[in-house]
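Dumped entry-v1.txt below, it's compact mmCIF, C-alpha atoms:
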```txt
# COMPACT_ATOMS: atom_id res chain seq x y z
CA MET A 1 0.00 0.00 0.00
CA ALA A 2 1.27 3.45 -0.95
CA LYS A 3 1.18 6.64 1.06
CA GLY A 4 -1.86 8.71 0.17
CA PRO A 5 -1.75 12.28 -1.17
CA LEU A 6 -2.71 14.07 2.04
CA GLY A 7 -2.22 17.85 2.12
CA PHE A 8 -2.46 20.10 5.18
CA GLY A 9 -4.79 23.06 4.58
CA TRP A 10 -4.31 26.14 6.80
CA MET A 11 -7.73 27.74 6.50
CA ARG A 12 -9.17 26.27 9.71
CA LEU A 13 -6.36 26.22 12.28
CA PRO A 14 -7.10 25.74 16.00
CA GLN A 15 -7.83 28.98 17.86
CA LEU A 16 -7.59 30.04 21.49
CA SER A 17 -10.71 32.21 21.17
CA GLN A 18 -13.36 33.19 18.64
CA GLU A 19 -10.94 35.65 17.05
CA SER A 20 -9.67 34.17 13.78
CA THR A 21 -6.21 35.65 14.38
CA ASP A 22 -5.87 34.05 17.83
CA ILE A 23 -4.08 30.91 16.66
CA ASP A 24 -3.20 28.11 19.08
CA TYR A 25 0.44 27.97 17.97
CA GLU A 26 1.45 25.31 20.48
CA GLN A 27 -1.13 22.89 19.10
CA VAL A 28 -0.25 23.82 15.50
CA ASN A 29 3.40 22.96 16.24
CA GLN A 30 2.33 19.50 17.40
CA MET A 31 0.12 19.06 14.33
CA VAL A 32 2.92 20.06 11.95
CA ASP A 33 5.41 17.71 13.62
CA LEU A 34 3.06 14.73 13.54
CA TYR A 35 2.10 15.39 9.91
CA LEU A 36 5.75 15.63 8.79
CA ASP A 37 6.87 12.70 10.95
CA SER A 38 4.17 10.59 9.27
CA GLY A 39 5.80 11.19 5.89
CA PHE A 40 3.57 13.95 4.43
CA ASP A 41 4.86 17.31 3.22
CA TYR A 42 2.29 19.53 1.38
CA PHE A 43 1.12 22.70 3.17
CA ASP A 44 -1.50 25.06 1.70
CA THR A 45 -2.11 28.61 2.88
CA SER A 46 -3.35 31.92 1.48
CA TYR A 47 -2.97 35.66 1.90
CA VAL A 48 -6.47 35.90 3.38
CA TYR A 49 -6.81 32.81 5.63
CA HIS A 50 -7.33 33.65 9.29
CA ASP A 51 -7.53 37.32 8.35
CA GLY A 52 -3.98 37.26 7.07
CA VAL A 53 -2.38 35.37 9.98
CA SER A 54 -2.23 31.93 8.33
CA GLU A 55 0.94 32.81 6.40
CA THR A 56 2.51 34.18 9.59
CA ALA A 57 1.66 30.88 11.28
CA ILE A 58 3.41 29.04 8.44
CA HIS A 59 6.60 30.97 9.22
CA LYS A 60 6.28 30.48 12.96
CA CYS A 61 5.24 26.82 13.10
CA LEU A 62 6.72 25.34 9.94
CA VAL A 63 9.44 27.36 8.21
CA SER A 64 11.34 28.42 11.34
CA ARG A 65 11.25 24.89 12.77
CA HIS A 66 11.91 22.59 9.81
CA PRO A 67 14.38 22.53 6.87
CA ARG A 68 12.96 24.13 3.72
CA GLU A 69 13.63 21.01 1.65
CA SER A 70 11.50 18.91 4.02
CA PHE A 71 8.17 20.35 2.83
CA ARG A 72 6.26 21.75 -0.14
CA LEU A 73 4.49 25.05 0.38
CA ALA A 74 1.60 26.55 -1.58
CA SER A 75 0.04 29.98 -1.21
CA LYS A 76 -2.36 32.08 -3.24
CA LEU A 77 -2.74 35.55 -4.72
CA PRO A 78 -6.05 37.10 -3.56
CA VAL A 79 -7.52 37.96 -6.96
CA PHE A 80 -10.70 39.28 -5.32
CA THR A 81 -8.93 42.02 -3.32
CA ILE A 82 -6.82 43.44 -6.17
CA THR A 83 -7.87 46.55 -8.08
CA GLU A 84 -4.55 47.72 -9.59
CA GLU A 85 -1.68 45.82 -11.19
CA ASN A 86 0.99 47.23 -8.86
CA GLN A 87 -0.70 45.33 -6.01
CA VAL A 88 0.22 42.02 -7.65
CA GLU A 89 3.97 42.37 -7.08
CA GLN A 90 3.49 44.07 -3.71
CA ILE A 91 1.32 41.28 -2.30
CA PHE A 92 3.53 38.50 -3.68
CA SER A 93 6.64 40.05 -2.09
CA GLU A 94 4.75 40.45 1.18
CA GLN A 95 3.72 36.79 1.11
CA LEU A 96 7.28 35.54 0.64
CA LYS A 97 8.37 37.69 3.58
CA LYS A 98 5.45 36.65 5.83
CA CYS A 99 6.08 32.97 5.15
CA GLY A 100 9.85 33.42 5.54
CA VAL A 101 10.71 31.65 2.28
CA ASP A 102 12.55 32.44 -0.95
CA TYR A 103 10.10 30.53 -3.13
CA PHE A 104 6.72 28.79 -3.18
CA ASP A 105 6.53 25.26 -4.54
CA TYR A 106 3.01 25.94 -5.85
CA TYR A 107 1.58 29.41 -6.28
CA LEU A 108 -2.07 29.88 -7.16
CA LEU A 109 -4.41 32.59 -8.31
CA HIS A 110 -7.07 32.42 -5.58
CA ASN A 111 -10.69 31.93 -6.69
CA VAL A 112 -10.62 32.06 -10.48
CA ASN A 113 -14.02 32.29 -12.15
CA GLY A 114 -15.32 33.68 -15.43
CA ILE A 115 -15.88 37.17 -14.06
CA PHE A 116 -12.44 37.55 -12.50
CA TYR A 117 -10.73 35.85 -15.44
CA ASN A 118 -12.23 38.20 -18.04
CA GLN A 119 -11.65 41.31 -15.94
CA ILE A 120 -9.11 41.75 -13.15
CA ILE A 121 -6.92 38.70 -13.92
CA SER A 122 -6.56 39.78 -17.54
CA GLN A 123 -6.25 43.51 -16.81
CA CYS A 124 -3.50 42.96 -14.23
CA HIS A 125 -1.65 40.32 -16.31
CA MET A 126 -1.58 37.92 -13.37
CA PHE A 127 -0.59 34.84 -15.37
CA GLU A 128 2.26 36.79 -16.93
CA HIS A 129 3.49 37.82 -13.48
CA MET A 130 3.48 34.18 -12.38
CA GLN A 131 5.48 33.14 -15.43
CA LYS A 132 8.08 35.80 -14.58
CA TRP A 133 8.24 34.65 -10.95
CA LYS A 134 8.78 31.10 -12.11
CA GLU A 135 11.63 32.19 -14.37
CA GLU A 136 13.15 34.01 -11.38
CA GLY A 137 12.89 30.86 -9.23
CA LYS A 138 10.40 32.41 -6.83
CA ILE A 139 7.75 29.81 -7.63
CA ARG A 140 8.18 26.25 -8.85
CA HIS A 141 4.72 25.53 -10.25
CA ILE A 142 1.94 27.77 -11.64
CA ALA A 143 -1.60 26.94 -10.54
CA PHE A 144 -4.98 28.42 -9.64
CA SER A 145 -7.96 27.58 -7.47
CA PHE A 146 -11.26 27.51 -9.31
CA HIS A 147 -14.94 28.20 -8.53
CA ASP A 148 -17.02 28.07 -11.70
CA SER A 149 -18.44 25.69 -14.30
CA ALA A 150 -16.51 23.15 -16.37
CA ASP A 151 -16.83 25.11 -19.62
CA VAL A 152 -15.10 28.13 -18.06
CA LEU A 153 -12.34 25.89 -16.70
CA ASP A 154 -11.83 24.40 -20.15
CA LYS A 155 -11.45 27.90 -21.62
CA VAL A 156 -8.88 29.01 -19.02
CA LEU A 157 -6.75 25.88 -19.41
CA SER A 158 -6.93 26.08 -23.20
CA GLU A 159 -5.67 29.67 -23.12
CA HIS A 160 -2.98 29.11 -20.47
CA PRO A 161 -0.84 26.03 -21.18
CA GLU A 162 1.67 27.27 -18.57
CA VAL A 163 -0.71 26.20 -15.79
CA GLU A 164 0.47 22.98 -14.13
CA ALA A 165 -2.21 22.34 -11.51
CA VAL A 166 -5.79 23.31 -10.70
CA GLN A 167 -7.39 23.31 -7.25
CA ILE A 168 -11.10 22.49 -7.24
CA ALA A 169 -13.79 21.73 -4.66
CA LEU A 170 -14.39 17.99 -4.92
CA ASN A 171 -16.26 15.57 -2.71
CA TYR A 172 -18.96 12.95 -3.11
CA ILE A 173 -21.76 15.44 -2.42
CA ASP A 174 -20.56 17.93 -5.05
CA TRP A 175 -19.67 15.25 -7.61
CA ASP A 176 -22.87 15.80 -9.63
CA ALA A 177 -23.95 19.16 -8.15
CA TYR A 178 -25.56 21.59 -10.60
CA PHE A 179 -23.21 24.49 -9.83
CA VAL A 180 -20.00 22.99 -8.39
CA GLN A 181 -19.81 20.31 -11.12
CA ALA A 182 -16.92 18.47 -9.44
CA LYS A 183 -17.00 15.49 -11.81
CA ALA A 184 -17.17 17.64 -14.95
CA CYS A 185 -14.35 19.91 -13.73
CA TYR A 186 -12.26 16.87 -12.81
CA GLU A 187 -12.73 15.50 -16.33
CA VAL A 188 -11.63 18.82 -17.86
CA ILE A 189 -8.44 18.79 -15.78
CA ARG A 190 -7.73 15.20 -16.86
CA LYS A 191 -8.39 16.09 -20.51
CA HIS A 192 -5.76 18.83 -20.33
CA GLY A 193 -3.29 16.60 -18.49
CA ARG A 194 -2.87 18.92 -15.50
CA GLN A 195 -2.44 17.93 -11.87
CA MET A 196 -5.44 18.26 -9.57
CA ILE A 197 -5.42 19.67 -6.06
CA VAL A 198 -8.57 18.79 -4.13
CA MET A 199 -10.06 21.27 -1.68
CA GLU A 200 -13.15 20.74 0.48
CA PRO A 201 -12.96 16.91 0.43
CA VAL A 202 -14.95 16.88 3.69
CA LYS A 203 -16.99 19.93 2.58
CA GLY A 204 -16.11 22.28 5.42
CA GLY A 205 -16.50 19.50 7.99
CA MET A 206 -19.99 18.57 6.81
CA LEU A 207 -18.96 15.04 5.75
CA ALA A 208 -17.28 14.37 9.09
CA LYS A 209 -20.76 13.63 10.41
CA VAL A 210 -23.16 11.74 8.15
CA PRO A 211 -26.84 10.73 8.51
CA LYS A 212 -27.40 7.85 10.91
CA GLU A 213 -28.45 5.42 8.17
CA ALA A 214 -25.24 6.17 6.26
CA GLU A 215 -23.09 5.93 9.38
CA LYS A 216 -24.56 2.46 10.01
CA LEU A 217 -23.49 1.32 6.54
CA MET A 218 -20.00 2.71 7.05
CA LYS A 219 -19.58 1.18 10.52
CA GLU A 220 -20.73 -2.23 9.31
CA MET A 221 -17.87 -2.24 6.82
CA HIS A 222 -15.19 -0.39 8.82
CA PRO A 223 -16.14 -0.11 12.52
CA ASP A 224 -13.20 2.15 13.44
CA ALA A 225 -13.09 4.39 10.36
CA SER A 226 -14.30 7.98 10.70
CA PRO A 227 -16.82 9.38 8.19
CA ALA A 228 -14.15 11.93 7.21
CA SER A 229 -11.83 9.10 6.17
CA TRP A 230 -14.39 7.90 3.63
CA ALA A 231 -14.64 11.37 2.11
CA ILE A 232 -10.88 11.88 1.87
CA ARG A 233 -10.32 8.41 0.40
CA PHE A 234 -13.03 9.11 -2.22
CA ALA A 235 -11.08 12.13 -3.47
CA ALA A 236 -7.60 10.67 -3.03
CA GLY A 237 -8.43 7.60 -5.10
CA LEU A 238 -9.01 9.58 -8.30
CA ASP A 239 -6.37 9.59 -11.03
CA GLY A 240 -4.16 12.64 -11.40
CA VAL A 241 -4.52 13.90 -7.84
CA LEU A 242 -1.48 15.83 -6.59
CA THR A 243 -2.85 16.24 -3.09
CA VAL A 244 -6.10 16.25 -1.12
CA LEU A 245 -6.22 19.20 1.27
CA SER A 246 -7.66 18.49 4.67
CA GLY A 247 -8.41 21.58 6.76
CA MET A 248 -7.26 19.95 9.96
CA SER A 249 -8.26 21.99 13.03
CA THR A 250 -7.08 19.75 15.88
CA LEU A 251 -4.27 17.35 16.69
CA GLU A 252 -6.88 14.58 16.81
CA GLN A 253 -7.88 15.29 13.21
CA VAL A 254 -4.25 15.03 12.10
CA GLU A 255 -3.94 11.74 13.96
CA ASP A 256 -7.06 10.41 12.25
CA ASN A 257 -6.05 11.53 8.76
CA VAL A 258 -2.50 10.20 8.85
CA SER A 259 -3.75 6.90 10.32
CA PHE A 260 -5.61 5.92 7.13
CA MET A 261 -3.48 7.81 4.61
CA LYS A 262 -0.12 6.34 5.66
CA ASP A 263 -1.14 3.05 4.06
CA PHE A 264 -3.64 4.38 1.57
CA GLN A 265 -6.23 2.26 -0.19
CA PRO A 266 -8.71 3.77 -2.68
CA LEU A 267 -12.41 2.98 -2.20
CA ASN A 268 -13.46 -0.39 -3.58
CA ASP A 269 -16.71 -0.90 -5.50
CA ARG A 270 -18.81 -1.58 -2.40
CA GLU A 271 -17.38 1.45 -0.62
CA LYS A 272 -18.20 3.61 -3.65
CA GLU A 273 -21.79 2.38 -3.48
CA ILE A 274 -21.93 3.38 0.18
CA VAL A 275 -20.70 6.95 -0.44
CA THR A 276 -23.20 7.29 -3.31
CA GLU A 277 -25.98 6.22 -0.94
CA THR A 278 -24.60 8.57 1.73
CA ALA A 279 -24.85 11.48 -0.72
CA ARG A 280 -28.48 10.58 -1.44
CA LEU A 281 -29.34 10.30 2.24
CA TYR A 282 -27.60 13.60 2.97
CA ARG A 283 -29.62 15.45 0.31
CA MET A 284 -32.81 13.83 1.57
CA SER A 285 -32.09 15.18 5.06
CA GLY A 286 -31.84 18.74 3.80
CA ILE A 287 -34.40 21.53 3.76
CA ALA A 288 -35.73 20.47 0.34
CA LYS A 289 -36.45 16.93 1.62
CA THR A 290 -35.44 15.38 -1.70
CA ALA A 291 -32.36 13.99 -3.42
CA ASP A 292 -33.87 14.37 -6.90
CA PHE A 293 -34.16 17.92 -8.23
CA THR A 294 -35.01 16.97 -11.82
CA PRO A 295 -38.71 18.01 -11.47
CA TYR A 296 -37.45 21.57 -11.05
CA GLU A 297 -35.19 21.61 -14.12
CA ALA A 298 -37.86 22.85 -16.56
CA ILE A 299 -38.39 25.99 -14.48
CA ASN A 300 -35.72 28.35 -15.80
CA PRO A 301 -37.25 31.61 -17.11
CA LYS A 302 -33.92 33.46 -17.08
CA GLY A 303 -31.58 30.57 -17.86
CA ILE A 304 -30.86 29.27 -14.37
CA SER A 305 -33.10 26.44 -13.29
CA ALA A 306 -35.00 26.16 -10.04
CA ALA A 307 -33.31 22.74 -9.73
CA ALA A 308 -29.84 24.31 -9.57
CA ILE A 309 -30.98 26.95 -7.09
CA LEU A 310 -32.66 24.42 -4.81
CA ASP A 311 -29.77 21.95 -4.98
CA CYS A 312 -27.41 24.78 -4.06
CA TYR A 313 -29.59 26.02 -1.19
CA ASN A 314 -30.14 22.50 0.13
CA SER A 315 -26.39 21.89 0.20
CA CYS A 316 -25.61 25.21 1.90
CA MET A 317 -28.14 24.59 4.66
CA LEU A 318 -26.61 21.20 5.43
CA GLN A 319 -23.18 22.73 6.11
CA PRO A 320 -21.90 23.82 9.54
CA VAL A 321 -21.88 27.48 8.42
CA PRO A 322 -24.47 27.85 5.61
CA THR A 323 -23.36 31.38 4.65
CA PHE A 324 -19.76 30.22 4.15
CA GLY A 325 -20.47 27.47 1.62
CA ALA A 326 -18.37 27.51 -1.55
CA GLU A 327 -21.61 27.41 -3.51
CA HIS A 328 -22.03 31.18 -3.18
CA ASN A 329 -19.06 31.69 -5.51
CA TYR A 330 -20.70 29.56 -8.19
CA PHE A 331 -24.16 31.10 -7.93
CA THR A 332 -22.89 34.64 -8.53
CA SER A 333 -20.73 33.50 -11.45
CA GLU A 334 -23.61 31.61 -13.05
CA LYS A 335 -25.89 34.64 -12.81
CA ALA A 336 -23.28 36.78 -14.54
CA LYS A 337 -23.25 34.41 -17.53
CA HIS A 338 -26.94 35.18 -18.03
CA GLY A 339 -26.50 38.94 -17.66
CA LEU A 340 -27.94 38.96 -14.15
CA GLY A 341 -26.56 41.08 -11.33
CA LYS A 342 -26.25 40.12 -7.66
CA ASP A 343 -29.73 41.34 -6.71
CA ASP A 344 -31.57 40.17 -9.84
CA VAL A 345 -34.11 37.39 -9.38
CA CYS A 346 -33.82 34.23 -11.48
CA ILE A 347 -37.22 32.70 -10.68
CA PRO A 348 -39.91 35.40 -10.32
CA GLY A 349 -43.59 34.57 -9.83
CA GLU A 350 -45.14 31.24 -8.96
CA VAL A 351 -43.30 27.92 -9.12
CA ILE A 352 -45.72 25.10 -9.86
CA LEU A 353 -44.28 21.65 -10.66
CA ALA A 354 -45.71 19.32 -13.28
CA ASP A 355 -47.48 17.29 -10.58
CA GLY A 356 -49.19 20.42 -9.28
CA THR A 357 -46.92 20.96 -6.26
CA ASP A 358 -46.62 24.62 -5.32
CA ALA A 359 -42.91 25.21 -4.63
CA THR A 360 -43.08 29.00 -4.86
CA GLU A 361 -42.26 29.77 -1.24
CA LEU A 362 -39.36 27.29 -1.08
CA ILE A 363 -37.72 28.51 -4.30
CA HIS A 364 -38.08 32.18 -3.40
CA GLU A 365 -36.65 31.47 0.05
CA ALA A 366 -33.72 29.62 -1.55
CA GLU A 367 -32.93 32.37 -4.01
CA LYS A 368 -33.18 35.11 -1.39
CA PHE A 369 -30.72 33.26 0.83
CA LEU A 370 -28.25 32.77 -2.01
CA ASN A 371 -28.54 36.42 -3.09
CA ASP A 372 -28.14 37.73 0.46
CA SER A 373 -25.11 35.50 1.09
CA ALA A 374 -23.43 35.91 -2.29
CA PHE A 375 -19.74 36.78 -2.33
CA ALA A 376 -18.81 40.10 -3.93
CA GLN A 377 -17.72 39.98 -7.56
CA TYR A 378 -16.66 42.40 -10.25
CA ASP A 379 -19.16 44.04 -12.57
CA VAL A 380 -21.08 41.80 -14.95
```

Starting from the file, lay out its structure as structure tokens.
Amino acid sequence: MAKGPLGFGWMRLPQLSQESTDIDYEQVNQMVDLYLDSGFDYFDTSYVYHDGVSETAIHKCLVSRHPRESFRLASKLPVFTITEENQVEQIFSEQLKKCGVDYFDYYLLHNVNGIFYNQIISQCHMFEHMQKWKEEGKIRHIAFSFHDSADVLDKVLSEHPEVEAVQIALNYIDWDAYFVQAKACYEVIRKHGRQMIVMEPVKGGMLAKVPKEAEKLMKEMHPDASPASWAIRFAAGLDGVLTVLSGMSTLEQVEDNVSFMKDFQPLNDREKEIVTETARLYRMSGIAKTADFTPYEAINPKGISAAAILDCYNSCMLQPVPTFGAEHNYFTSEKAKHGLGKDDVCIPGEVILADGTDATELIHEAEKFLNDSAFAQYDV
């Protein structure tokens, strides 16, 4: 059995209080040491994680305590905060200094979507800056994290052959989701022959606790395996995966993850059936009380179906923090493709299904939530 591709994500570090900058550095030191001692080496941070303190924590807990050649480090340029090109070089230099390194192994544009790609990324020549940094030895590999549909991803990769890896949200809930399109995006990455970095394999912690019926199926097969281990193994077993990022928040989570990834085994056919059933049961337990949104697909007066909106809302409401779900990125991007702004309504009026069911209140509630929680974007 080979060691699995387990990455250490630094978006959800342990804290001493509710303040996101109040990091429990002593516990992080223990987590880093255990992770490295177990034979893993990929760390992922960003300019914006923990309100800017995540990169400082990398310096304090990793770089200052371990040889540079003993780990791979990835960080990201915050596309969504940049308004002028001179910020690109300024922020990158600041990141190197904060992390205490001379180079990043992987450097990513953070949160690429169609809106950002056509506007600020192009206007500020961000890909060109990354190519220059690579030539200067300041980054080893060019990459980006992505939150949009598979057709947009295909366009970006076709136009930028210098990209070596793409980070996408991928888990067994989002595999066939209307907006996230994990399977379709995965297939685009494979088509282009790029490496894949998986984020949100446990979907913000949501898949660490599954419905009771699903947990029973899992325990019958592997009594001591955590639900999170099933989710990470689902992602790690796919071809072309560079690493699967786990946002480990406690020493116990590191212990659990390294326990099953040290001698990694992909899911077998029966285990795949169980995660498929778990996804169905999870959707059924949501606010929409269904795992099948196809009856809503025909309702799409402005190009975005009620099915996609309800699937998105259902998924958000199942997560530990519904307003922080990655889905909000996708909803805003999808609206922009149809010429709709943040506050525009996709499904006005009544929503009556073919069987006569009145779903008006539910759909309007779903769309209002998604609009109110949407992440800021550039102009359509």

Just checking: using all atoms listed in the file, which residue out of A:Glu200, A:Asp22, A:Glu273, A:Asp33 ends up closest to A:Ala231? A:Glu200

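Proximity of A:Phe40, A:Ile173, A:Asp256, A:His129 to A:Arg280, computed with only C-alpha atoms, is greatest for A:Ile173.
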
Of the listed residues A:Ala359, A:Val275, A:Leu96, A:Asp102, that which approaches A:Trp175 most closely, counting all atoms listed in the file: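 Using all atoms listed in the file, the shortest distance to A:Trp175 belongs to A:Val275.
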
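The residue that comes closest to A:Asn300, out of A:Ser122, A:Phe331, A:Val351, A:Glu252 and on the basis of all atoms listed in the file, is A:Val351.
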
Å distance separating atom CA of A:Pro5 from atom CA of A:Gly325, one decimal place: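 Taking atom CA of A:Pro5 as the start and atom CA of A:Gly325 as the end point, the length is 24.3 Å.
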
Separation of atom CA of A:Asp176 and atom CA of A:Thr278, in Å?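 Atom-to-atom, atom CA of A:Asp176 to atom CA of A:Thr278, that is 13.6 Å.
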
How far is it from atom CA of A:Ala57 to atom CA of A:Leu108, in Å with one decimal?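 Separation between atom CA of A:Ala57 and atom CA of A:Leu108: 18.8 Å.
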
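Taking all atoms listed in the file into account, A:Ser333 lies nearest to A:Phe116 out of the set A:Phe116, A:Phe264, A:Tyr103, A:Phe43.
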
Please identify all polymer residues within 7 Å of A:Cys124, counting all atoms listed in the file, omitting same-chain residues fewer than 4 positions from it, and present them as a CSV table (one decimal) with C-alpha atoms, keeping the file's coordinate frame.
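Result written to result_8.csv:
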```csv
chain,number,residue,atom,x,y,z
A,84,GLU,CA,-4.6,47.7,-9.6
A,85,GLU,CA,-1.7,45.8,-11.2
A,120,ILE,CA,-9.1,41.8,-13.2
```

Hey, which of A:Pro211, A:Gly52, A:Pro78, A:Gly247 ends up closest to A:Met31? Count all atoms listed in the file. A:Gly247

Surrounding residues of stretch 194-197 of chain A excluding itself and chain neighbours under 5 positions, 7 Å, only C-alpha atoms, as a compact mmCIF listing (two decimals) with C-alpha atoms, keeping the file's coordinate frame:
```txt
# COMPACT_ATOMS: atom_id res chain seq x y z
CA GLU A 164 0.47 22.98 -14.13
CA ALA A 165 -2.21 22.34 -11.51
CA VAL A 166 -5.79 23.31 -10.70
CA GLN A 167 -7.39 23.31 -7.25
CA ILE A 168 -11.10 22.49 -7.24
CA ILE A 189 -8.44 18.79 -15.78
CA GLY A 240 -4.16 12.64 -11.40
CA VAL A 241 -4.52 13.90 -7.84
CA LEU A 242 -1.48 15.83 -6.59
CA THR A 243 -2.85 16.24 -3.09
CA VAL A 244 -6.10 16.25 -1.12
```

Output stretch 275-289 of chain A with N, CA and C atoms present, as an mmCIF file, in the coordinates of the input.
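Wrote it out as part.cif, contents follow:
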```cif
data_model
loop_
_atom_site.group_PDB
_atom_site.id
_atom_site.type_symbol
_atom_site.label_atom_id
_atom_site.label_comp_id
_atom_site.auth_asym_id
_atom_site.auth_seq_id
_atom_site.Cartn_x
_atom_site.Cartn_y
_atom_site.Cartn_z
ATOM 1 N N VAL A 275 -20.780 5.485 -0.425
ATOM 2 C CA VAL A 275 -20.700 6.950 -0.440
ATOM 3 C C VAL A 275 -21.762 7.547 -1.377
ATOM 4 N N THR A 276 -22.111 6.824 -2.435
ATOM 5 C CA THR A 276 -23.200 7.290 -3.310
ATOM 6 C C THR A 276 -24.514 7.319 -2.543
ATOM 7 N N GLU A 277 -24.772 6.269 -1.757
ATOM 8 C CA GLU A 277 -25.980 6.220 -0.940
ATOM 9 C C GLU A 277 -25.933 7.284 0.158
ATOM 10 N N THR A 278 -24.745 7.523 0.702
ATOM 11 C CA THR A 278 -24.600 8.570 1.730
ATOM 12 C C THR A 278 -24.958 9.927 1.146
ATOM 13 N N ALA A 279 -24.519 10.211 -0.073
ATOM 14 C CA ALA A 279 -24.850 11.480 -0.720
ATOM 15 C C ALA A 279 -26.353 11.632 -0.886
ATOM 16 N N ARG A 280 -27.023 10.539 -1.276
ATOM 17 C CA ARG A 280 -28.480 10.580 -1.440
ATOM 18 C C ARG A 280 -29.171 10.844 -0.108
ATOM 19 N N LEU A 281 -28.742 10.130 0.920
ATOM 20 C CA LEU A 281 -29.340 10.300 2.240
ATOM 21 C C LEU A 281 -29.102 11.712 2.785
ATOM 22 N N TYR A 282 -27.914 12.247 2.522
ATOM 23 C CA TYR A 282 -27.600 13.600 2.970
ATOM 24 C C TYR A 282 -28.551 14.612 2.328
ATOM 25 N N ARG A 283 -28.725 14.518 1.005
ATOM 26 C CA ARG A 283 -29.620 15.450 0.310
ATOM 27 C C ARG A 283 -31.051 15.319 0.824
ATOM 28 N N MET A 284 -31.461 14.076 1.068
ATOM 29 C CA MET A 284 -32.810 13.830 1.570
ATOM 30 C C MET A 284 -33.035 14.486 2.936
ATOM 31 N N SER A 285 -31.969 14.611 3.718
ATOM 32 C CA SER A 285 -32.090 15.180 5.060
ATOM 33 C C SER A 285 -32.097 16.701 5.064
ATOM 34 N N GLY A 286 -31.911 17.298 3.900
ATOM 35 C CA GLY A 286 -31.840 18.740 3.800
ATOM 36 C C GLY A 286 -33.195 19.418 3.791
ATOM 37 N N ILE A 287 -33.182 20.734 3.662
ATOM 38 C CA ILE A 287 -34.400 21.530 3.760
ATOM 39 C C ILE A 287 -35.370 21.257 2.623
ATOM 40 N N ALA A 288 -34.856 20.763 1.476
ATOM 41 C CA ALA A 288 -35.730 20.470 0.340
ATOM 42 C C ALA A 288 -36.403 19.108 0.465
ATOM 43 N N LYS A 289 -35.877 18.255 1.359
ATOM 44 C CA LYS A 289 -36.450 16.930 1.620
ATOM 45 C C LYS A 289 -36.508 16.064 0.362
#
```
